[in-house]
Amino acid sequence: MTTATSRRLAKLEGALAPREAVLAWLVEAQQYPSLVDHVRSIAGLPVEAAPLSVIGERVEAAVRDALKGQPRAAIETAARRAVGDGVFLFSLALGLNVVALEMARLEGLRATAVFYWMGCLLGGPRESDIPPAEVETYRLERADAWGLWWPVVDRLLLDVRVENEARTALERRFFGGHDVLFADATEAWTGHVDFVERLASLAETMASTGGPMARARRSRTASGSLTERVAERVATLTDDARVRA
């Protein structure tokens, strides 16, 4: 067997469709605890050994093998499109990790502020400490404060649901249901979701006992709005990955 033939066989053995090529990279990359650790591990590699180079080579080899005997122009066009699909999926996987980490950090700060906001409202003066002539004004102000607080809790809860459903939809559509998050992104996002859900559950429990919290409660966002927001989020994340690709 000639050297050229050996190289061609080795290339074809690694030939993969865009999704499979990106998943092969992702499964290996997720052995690292974070995206940063993975990037550090490949920083010193030659260009031809970088993930995108390997993905592109595998995808192109698969197309050329599948279309062997077809007109050259058709093969070249199909190869470019397939490699582009691989770059898009690679960009989408990276983008979803970055988004999860950024949202967990920024929205986590918002959730923490909302928690302390609740503490301030609950720790306010008792009505018995208020001069009788000011009790009614105090009640109205307290109700207004809770009225401002509840929508923020609702938004936090809705945002995590939108993000979870959007990412699940993208993983199902583009990655065969494979989880694209690295361990650090999973940990950060899960921690944020748990905190928001505990906050909402605590508030609901207290509201169910009656008092100003219950009276100030506003209706939740309709499920139709959730569906629309998920669709919008899926479109945004997909478009962002296409632009990067």
# chains A, B, ... in the order shown; residues from 1 in each chain; ligands from 1
>>> closest_atom_pairs(of="range 135-232 of chain A", to="range 15-29 of chain A", cutoff="12 Å", atoms="only C-alpha atoms", output="tab-separated table")
residue	atom	partner	partner_atom	distance
A:Glu171	CA	A:Leu23	CA	11.0
A:Arg172	CA	A:Arg19	CA	11.6
A:Arg173	CA	A:Arg19	CA	10.4
A:Phe174	CA	A:Arg19	CA	7.1
A:Phe175	CA	A:Arg19	CA	6.4
A:Gly176	CA	A:Arg19	CA	8.2
A:Gly177	CA	A:Leu23	CA	10.7
A:His178	CA	A:Leu23	CA	8.1
A:Asp179	CA	A:Leu26	CA	9.4
A:Val180	CA	A:Leu26	CA	7.3
A:Leu181	CA	A:Leu26	CA	9.2
A:Phe182	CA	A:Ala29	CA	8.3
A:Ala183	CA	A:Ala29	CA	10.6
>>> write_last_selection(atoms="N, CA and C atoms", output="PDB file, in the first residue's frame")
ATOM      1  N   GLU A 171     -30.193  21.831  21.510  1.00  0.00           N
ATOM      2  CA  GLU A 171     -29.454  20.567  21.656  1.00  0.00           C
ATOM      3  C   GLU A 171     -30.169  19.442  20.927  1.00  0.00           C
ATOM      4  N   ARG A 172     -31.487  19.424  21.012  1.00  0.00           N
ATOM      5  CA  ARG A 172     -32.260  18.377  20.340  1.00  0.00           C
ATOM      6  C   ARG A 172     -32.194  18.537  18.820  1.00  0.00           C
ATOM      7  N   ARG A 173     -32.265  19.772  18.356  1.00  0.00           N
ATOM      8  CA  ARG A 173     -32.297  20.032  16.915  1.00  0.00           C
ATOM      9  C   ARG A 173     -30.951  19.857  16.242  1.00  0.00           C
ATOM     10  N   PHE A 174     -29.883  20.339  16.884  1.00  0.00           N
ATOM     11  CA  PHE A 174     -28.584  20.376  16.229  1.00  0.00           C
ATOM     12  C   PHE A 174     -27.571  19.350  16.746  1.00  0.00           C
ATOM     13  N   PHE A 175     -27.768  18.846  17.964  1.00  0.00           N
ATOM     14  CA  PHE A 175     -26.765  17.956  18.560  1.00  0.00           C
ATOM     15  C   PHE A 175     -27.324  16.600  18.969  1.00  0.00           C
ATOM     16  N   GLY A 176     -28.488  16.263  18.455  1.00  0.00           N
ATOM     17  CA  GLY A 176     -29.065  14.962  18.762  1.00  0.00           C
ATOM     18  C   GLY A 176     -29.407  14.786  20.226  1.00  0.00           C
ATOM     19  N   GLY A 177     -29.650  15.896  20.920  1.00  0.00           N
ATOM     20  CA  GLY A 177     -29.999  15.828  22.333  1.00  0.00           C
ATOM     21  C   GLY A 177     -28.804  15.798  23.269  1.00  0.00           C
ATOM     22  N   HIS A 178     -27.607  15.869  22.739  1.00  0.00           N
ATOM     23  CA  HIS A 178     -26.408  15.835  23.586  1.00  0.00           C
ATOM     24  C   HIS A 178     -26.253  17.148  24.348  1.00  0.00           C
ATOM     25  N   ASP A 179     -25.946  17.072  25.628  1.00  0.00           N
ATOM     26  CA  ASP A 179     -25.721  18.256  26.454  1.00  0.00           C
ATOM     27  C   ASP A 179     -24.424  18.931  26.024  1.00  0.00           C
ATOM     28  N   VAL A 180     -24.503  20.209  25.655  1.00  0.00           N
ATOM     29  CA  VAL A 180     -23.324  20.898  25.128  1.00  0.00           C
ATOM     30  C   VAL A 180     -22.514  21.622  26.194  1.00  0.00           C
ATOM     31  N   LEU A 181     -23.039  21.736  27.407  1.00  0.00           N
ATOM     32  CA  LEU A 181     -22.350  22.523  28.430  1.00  0.00           C
ATOM     33  C   LEU A 181     -21.167  21.780  29.039  1.00  0.00           C
ATOM     34  N   PHE A 182     -20.100  22.533  29.292  1.00  0.00           N
ATOM     35  CA  PHE A 182     -18.973  22.002  30.046  1.00  0.00           C
ATOM     36  C   PHE A 182     -19.359  21.964  31.525  1.00  0.00           C
ATOM     37  N   ALA A 183     -18.555  21.280  32.324  1.00  0.00           N
ATOM     38  CA  ALA A 183     -18.899  21.070  33.736  1.00  0.00           C
ATOM     39  C   ALA A 183     -19.062  22.383  34.487  1.00  0.00           C
TER      40      ALA A 183
END
>>> closest_atom_pairs(of="range 141-171 of chain A", to="range 105-124 of chain A", cutoff="12 Å", atoms="only C-alpha atoms", output="JSON lines")
{"residue": "A:Glu141", "atom": "CA", "partner": "A:Leu121", "partner_atom": "CA", "distance": 10.7}
{"residue": "A:Arg142", "atom": "CA", "partner": "A:Leu121", "partner_atom": "CA", "distance": 7.6}
{"residue": "A:Ala143", "atom": "CA", "partner": "A:Leu121", "partner_atom": "CA", "distance": 9.9}
{"residue": "A:Asp144", "atom": "CA", "partner": "A:Leu121", "partner_atom": "CA", "distance": 10.9}
{"residue": "A:Ala145", "atom": "CA", "partner": "A:Leu121", "partner_atom": "CA", "distance": 7.7}
{"residue": "A:Trp146", "atom": "CA", "partner": "A:Leu121", "partner_atom": "CA", "distance": 7.7}
{"residue": "A:Gly147", "atom": "CA", "partner": "A:Leu121", "partner_atom": "CA", "distance": 11.3}
{"residue": "A:Leu148", "atom": "CA", "partner": "A:Trp117", "partner_atom": "CA", "distance": 10.6}
{"residue": "A:Trp149", "atom": "CA", "partner": "A:Val114", "partner_atom": "CA", "distance": 7.5}
{"residue": "A:Trp150", "atom": "CA", "partner": "A:Val114", "partner_atom": "CA", "distance": 9.5}
{"residue": "A:Pro151", "atom": "CA", "partner": "A:Val114", "partner_atom": "CA", "distance": 10.7}
{"residue": "A:Val152", "atom": "CA", "partner": "A:Val114", "partner_atom": "CA", "distance": 7.6}
{"residue": "A:Val153", "atom": "CA", "partner": "A:Val114", "partner_atom": "CA", "distance": 7.3}
{"residue": "A:Asp154", "atom": "CA", "partner": "A:Ala111", "partner_atom": "CA", "distance": 11.0}
{"residue": "A:Arg155", "atom": "CA", "partner": "A:Ala111", "partner_atom": "CA", "distance": 10.2}
{"residue": "A:Leu156", "atom": "CA", "partner": "A:Ala111", "partner_atom": "CA", "distance": 7.1}
{"residue": "A:Leu157", "atom": "CA", "partner": "A:Ala111", "partner_atom": "CA", "distance": 9.7}
{"residue": "A:Leu158", "atom": "CA", "partner": "A:Glu107", "partner_atom": "CA", "distance": 11.9}
{"residue": "A:Asp159", "atom": "CA", "partner": "A:Glu107", "partner_atom": "CA", "distance": 9.1}
{"residue": "A:Val160", "atom": "CA", "partner": "A:Glu107", "partner_atom": "CA", "distance": 9.3}
{"residue": "A:Glu163", "atom": "CA", "partner": "A:Glu107", "partner_atom": "CA", "distance": 11.8}
>>> residues_around(residues="Asp239 in chain A", least_positions_apart="2", cutoff="12 Å", atoms="only C-alpha atoms", output="list in words")
Phe88, Leu89, Ser91, Leu92, Gly95, Leu170, Glu232, Arg233, Val234, Ala235, Thr236, Leu237, Ala241, Arg242, Val243, Arg244 and Ala245 of chain A
>>> write_last_selection(atoms="N, CA and C atoms", output="PDB file, in the first residue's frame")
ATOM      1  N   PHE A  88     -20.579  26.232  12.042  1.00  0.00           N
ATOM      2  CA  PHE A  88     -21.759  26.762  12.720  1.00  0.00           C
ATOM      3  C   PHE A  88     -22.049  25.982  14.001  1.00  0.00           C
ATOM      4  N   LEU A  89     -22.038  24.665  13.936  1.00  0.00           N
ATOM      5  CA  LEU A  89     -22.324  23.855  15.120  1.00  0.00           C
ATOM      6  C   LEU A  89     -21.267  24.052  16.198  1.00  0.00           C
ATOM      7  N   SER A  91     -19.509  26.797  16.638  1.00  0.00           N
ATOM      8  CA  SER A  91     -19.767  28.127  17.197  1.00  0.00           C
ATOM      9  C   SER A  91     -20.975  28.112  18.130  1.00  0.00           C
ATOM     10  N   LEU A  92     -22.002  27.363  17.763  1.00  0.00           N
ATOM     11  CA  LEU A  92     -23.203  27.286  18.594  1.00  0.00           C
ATOM     12  C   LEU A  92     -22.891  26.630  19.937  1.00  0.00           C
ATOM     13  N   GLY A  95     -20.962  29.087  21.983  1.00  0.00           N
ATOM     14  CA  GLY A  95     -21.823  30.199  22.376  1.00  0.00           C
ATOM     15  C   GLY A  95     -22.767  29.845  23.510  1.00  0.00           C
ATOM     16  N   LEU A 170     -32.329  23.587  21.109  1.00  0.00           N
ATOM     17  CA  LEU A 170     -31.165  23.646  20.237  1.00  0.00           C
ATOM     18  C   LEU A 170     -30.340  22.367  20.314  1.00  0.00           C
ATOM     19  N   GLU A 232     -38.181  32.985  20.170  1.00  0.00           N
ATOM     20  CA  GLU A 232     -37.333  34.144  19.897  1.00  0.00           C
ATOM     21  C   GLU A 232     -35.902  33.895  20.358  1.00  0.00           C
ATOM     22  N   ARG A 233     -35.774  33.268  21.524  1.00  0.00           N
ATOM     23  CA  ARG A 233     -34.440  32.996  22.061  1.00  0.00           C
ATOM     24  C   ARG A 233     -33.700  31.979  21.200  1.00  0.00           C
ATOM     25  N   VAL A 234     -34.391  30.960  20.745  1.00  0.00           N
ATOM     26  CA  VAL A 234     -33.787  29.972  19.850  1.00  0.00           C
ATOM     27  C   VAL A 234     -33.288  30.656  18.579  1.00  0.00           C
ATOM     28  N   ALA A 235     -34.114  31.535  18.020  1.00  0.00           N
ATOM     29  CA  ALA A 235     -33.731  32.239  16.800  1.00  0.00           C
ATOM     30  C   ALA A 235     -32.511  33.135  17.033  1.00  0.00           C
ATOM     31  N   THR A 236     -32.489  33.815  18.172  1.00  0.00           N
ATOM     32  CA  THR A 236     -31.368  34.713  18.481  1.00  0.00           C
ATOM     33  C   THR A 236     -30.064  33.943  18.646  1.00  0.00           C
ATOM     34  N   LEU A 237     -30.098  32.871  19.415  1.00  0.00           N
ATOM     35  CA  LEU A 237     -28.887  32.081  19.638  1.00  0.00           C
ATOM     36  C   LEU A 237     -28.394  31.444  18.337  1.00  0.00           C
ATOM     37  N   ALA A 241     -24.813  32.399  16.347  1.00  0.00           N
ATOM     38  CA  ALA A 241     -23.819  31.376  15.965  1.00  0.00           C
ATOM     39  C   ALA A 241     -23.518  31.451  14.482  1.00  0.00           C
ATOM     40  N   ARG A 242     -24.519  31.725  13.674  1.00  0.00           N
ATOM     41  CA  ARG A 242     -24.294  31.843  12.221  1.00  0.00           C
ATOM     42  C   ARG A 242     -23.402  33.032  11.916  1.00  0.00           C
ATOM     43  N   VAL A 243     -23.613  34.139  12.629  1.00  0.00           N
ATOM     44  CA  VAL A 243     -22.770  35.316  12.412  1.00  0.00           C
ATOM     45  C   VAL A 243     -21.320  35.012  12.779  1.00  0.00           C
ATOM     46  N   ARG A 244     -21.118  34.361  13.912  1.00  0.00           N
ATOM     47  CA  ARG A 244     -19.754  34.005  14.337  1.00  0.00           C
ATOM     48  C   ARG A 244     -19.107  33.034  13.345  1.00  0.00           C
ATOM     49  N   ALA A 245     -19.912  32.118  12.816  1.00  0.00           N
ATOM     50  CA  ALA A 245     -19.372  31.128  11.862  1.00  0.00           C
ATOM     51  C   ALA A 245     -18.998  31.787  10.540  1.00  0.00           C
TER      52      ALA A 245
END
>>> residues_around(residues="Asp194 in chain A", least_positions_apart="2", cutoff="12 Å", atoms="only C-alpha atoms", output="list in words")
Ala104, Gly108, Ala111, Leu156, Leu157, Val160, Arg161, Thr186, Glu187, Ala188, Trp189, Thr190, Gly191, His192, Val196, Glu197, Arg198, Leu199, Ala200 and Ser201 of chain A
>>> select_by_dssp(residues="range 175-212 of chain A", states="helix (DSSP H, G or I)", output="PyMOL selection string")
chain A and resi 183-207+212
>>> atom_distance(atom1="CA of Val83 in chain A", atom2="CA of Val59 in chain A")
5.9 Å
>>> closest_residue(among="A:Thr238, A:Val87, A:Pro131, A:Leu96", to="Pro51 in chain A", atoms="only C-alpha atoms")
A:Val87
>>> atom_distance(atom1="CA of Gly86 in chain A", atom2="CA of Leu67 in chain A")
17.8 Å
>>> atom_distance(atom1="CA of Val36 in chain A", atom2="CA of Arg80 in chain A")
29.0 Å
